[in-house]
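To start, the structure itself, in structure tokens.
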Amino acid sequence: MFGRLTALKSRHAALEKKLSEEQSRPLPESLEIATLKKMKLDVKDQIHIENSGKQDRLRRRRRRRNSSLDYPALGV
């Protein structure tokens, strides 16, 4: 899972670099800029999905671990 997240972050950085290079040209291509921005946003959404999925897995793991705790003082 971490490999996919690393790959997505790397792809996002590469798109950012291409975007800044295109924008710094004397006559930038507006269609190319729009395309790169859309691709970058898609990758950012995928990164968010990966991060939220990781958080959900951690929450489930914590719940499972805490559900087996015994609280004799509380009568549980």
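Scheme for the structure tokens: letters A, B, ... for chains in order shown; per-chain residue numbers from 1; ligand numbers from 1 in order shown.
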Requested in this report: Please provide as a list in words all residues within 7 Å of Leu15 of chain A, with the sequence filter that same-chain residues fewer than 3 positions apart are discarded (counting only C-alpha atoms).
Outcome: Arg11, His12, Lys18, Leu19, Leu36 and Lys40 of chain A
Store the residues of this selection in a file with N, CA and C atoms, as a PDB file, in the first residue's frame.
ATOM      1  N   ARG A  11       4.313  10.790  -8.995  1.00  0.00           N
ATOM      2  CA  ARG A  11       3.604  11.214 -10.214  1.00  0.00           C
ATOM      3  C   ARG A  11       3.094  12.649 -10.066  1.00  0.00           C
ATOM      4  N   HIS A  12       2.577  12.985  -8.891  1.00  0.00           N
ATOM      5  CA  HIS A  12       2.076  14.333  -8.624  1.00  0.00           C
ATOM      6  C   HIS A  12       3.218  15.350  -8.749  1.00  0.00           C
ATOM      7  N   LYS A  18       6.280  19.466 -14.710  1.00  0.00           N
ATOM      8  CA  LYS A  18       5.907  19.712 -16.103  1.00  0.00           C
ATOM      9  C   LYS A  18       5.037  20.959 -16.221  1.00  0.00           C
ATOM     10  N   LEU A  19       4.132  21.123 -15.272  1.00  0.00           N
ATOM     11  CA  LEU A  19       3.233  22.266 -15.287  1.00  0.00           C
ATOM     12  C   LEU A  19       4.003  23.576 -15.119  1.00  0.00           C
ATOM     13  N   LEU A  36      -2.573  19.164 -17.922  1.00  0.00           N
ATOM     14  CA  LEU A  36      -1.689  18.835 -16.796  1.00  0.00           C
ATOM     15  C   LEU A  36      -2.366  19.110 -15.455  1.00  0.00           C
ATOM     16  N   LYS A  40      -3.099  16.328 -12.662  1.00  0.00           N
ATOM     17  CA  LYS A  40      -2.566  16.541 -11.315  1.00  0.00           C
ATOM     18  C   LYS A  40      -3.685  16.438 -10.271  1.00  0.00           C
TER      19      LYS A  40
END
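Near His48 of chain A, within 12 Å and counting only C-alpha atoms, sit A:Leu5, A:Leu8, A:Lys9, A:Leu41, A:Asp42, A:Val43, A:Gly53, A:Lys54, A:Gln55, not including residues fewer than 5 positions from it in the same chain.
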Expected file contents, prior selection, N, CA, C and O atoms, as a PDB file, in the first residue's frame:
ATOM      1  N   LEU A   5       1.127   4.671  -2.716  1.00  0.00           N
ATOM      2  CA  LEU A   5       1.084   6.052  -2.248  1.00  0.00           C
ATOM      3  C   LEU A   5       2.354   6.800  -2.659  1.00  0.00           C
ATOM      4  O   LEU A   5       2.286   7.939  -3.129  1.00  0.00           O
ATOM      5  N   LEU A   8       2.139   7.517  -6.365  1.00  0.00           N
ATOM      6  CA  LEU A   8       1.213   8.612  -6.646  1.00  0.00           C
ATOM      7  C   LEU A   8       1.839   9.966  -6.312  1.00  0.00           C
ATOM      8  O   LEU A   8       1.691  10.930  -7.071  1.00  0.00           O
ATOM      9  N   LYS A   9       2.532  10.030  -5.197  1.00  0.00           N
ATOM     10  CA  LYS A   9       3.182  11.293  -4.824  1.00  0.00           C
ATOM     11  C   LYS A   9       4.282  11.659  -5.811  1.00  0.00           C
ATOM     12  O   LYS A   9       4.465  12.829  -6.150  1.00  0.00           O
ATOM     13  N   LEU A  41      -4.851  17.000 -10.587  1.00  0.00           N
ATOM     14  CA  LEU A  41      -5.987  16.921  -9.679  1.00  0.00           C
ATOM     15  C   LEU A  41      -6.480  15.482  -9.522  1.00  0.00           C
ATOM     16  O   LEU A  41      -6.822  15.060  -8.412  1.00  0.00           O
ATOM     17  N   ASP A  42      -6.486  14.725 -10.601  1.00  0.00           N
ATOM     18  CA  ASP A  42      -6.870  13.310 -10.523  1.00  0.00           C
ATOM     19  C   ASP A  42      -5.922  12.533  -9.610  1.00  0.00           C
ATOM     20  O   ASP A  42      -6.360  11.716  -8.791  1.00  0.00           O
ATOM     21  N   VAL A  43      -4.638  12.784  -9.744  1.00  0.00           N
ATOM     22  CA  VAL A  43      -3.651  12.100  -8.901  1.00  0.00           C
ATOM     23  C   VAL A  43      -3.837  12.520  -7.441  1.00  0.00           C
ATOM     24  O   VAL A  43      -3.768  11.696  -6.531  1.00  0.00           O
ATOM     25  N   GLY A  53      -8.276   5.596   3.075  1.00  0.00           N
ATOM     26  CA  GLY A  53      -8.375   4.149   3.238  1.00  0.00           C
ATOM     27  C   GLY A  53      -7.420   3.642   4.295  1.00  0.00           C
ATOM     28  O   GLY A  53      -7.754   2.760   5.080  1.00  0.00           O
ATOM     29  N   LYS A  54      -6.231   4.219   4.332  1.00  0.00           N
ATOM     30  CA  LYS A  54      -5.248   3.831   5.332  1.00  0.00           C
ATOM     31  C   LYS A  54      -5.746   4.201   6.728  1.00  0.00           C
ATOM     32  O   LYS A  54      -5.642   3.426   7.672  1.00  0.00           O
ATOM     33  N   GLN A  55      -6.355   5.380   6.852  1.00  0.00           N
ATOM     34  CA  GLN A  55      -6.888   5.809   8.141  1.00  0.00           C
ATOM     35  C   GLN A  55      -8.014   4.891   8.595  1.00  0.00           C
ATOM     36  O   GLN A  55      -8.106   4.549   9.767  1.00  0.00           O
TER      37      GLN A  55
END
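One distance worth recording is that between atom CA of Lys17 of chain A and atom CA of Ile33 of chain A, which is 11.6 Å.
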Query raised in the report: By how many Å are atom CA of Arg61 of chain A and atom CA of Ala7 of chain A apart?
Result: 25.0 Å
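If you look at atom CA of Glu22 of chain A and atom CA of Ile47 of chain A, they are 23.6 Å away from each other.
Shortest separation to Arg4 of chain A among A:Arg57, A:Ser52, A:Gln46, A:Glu21 occurs at residue A:Gln46, atoms counted being only C-alpha atoms.
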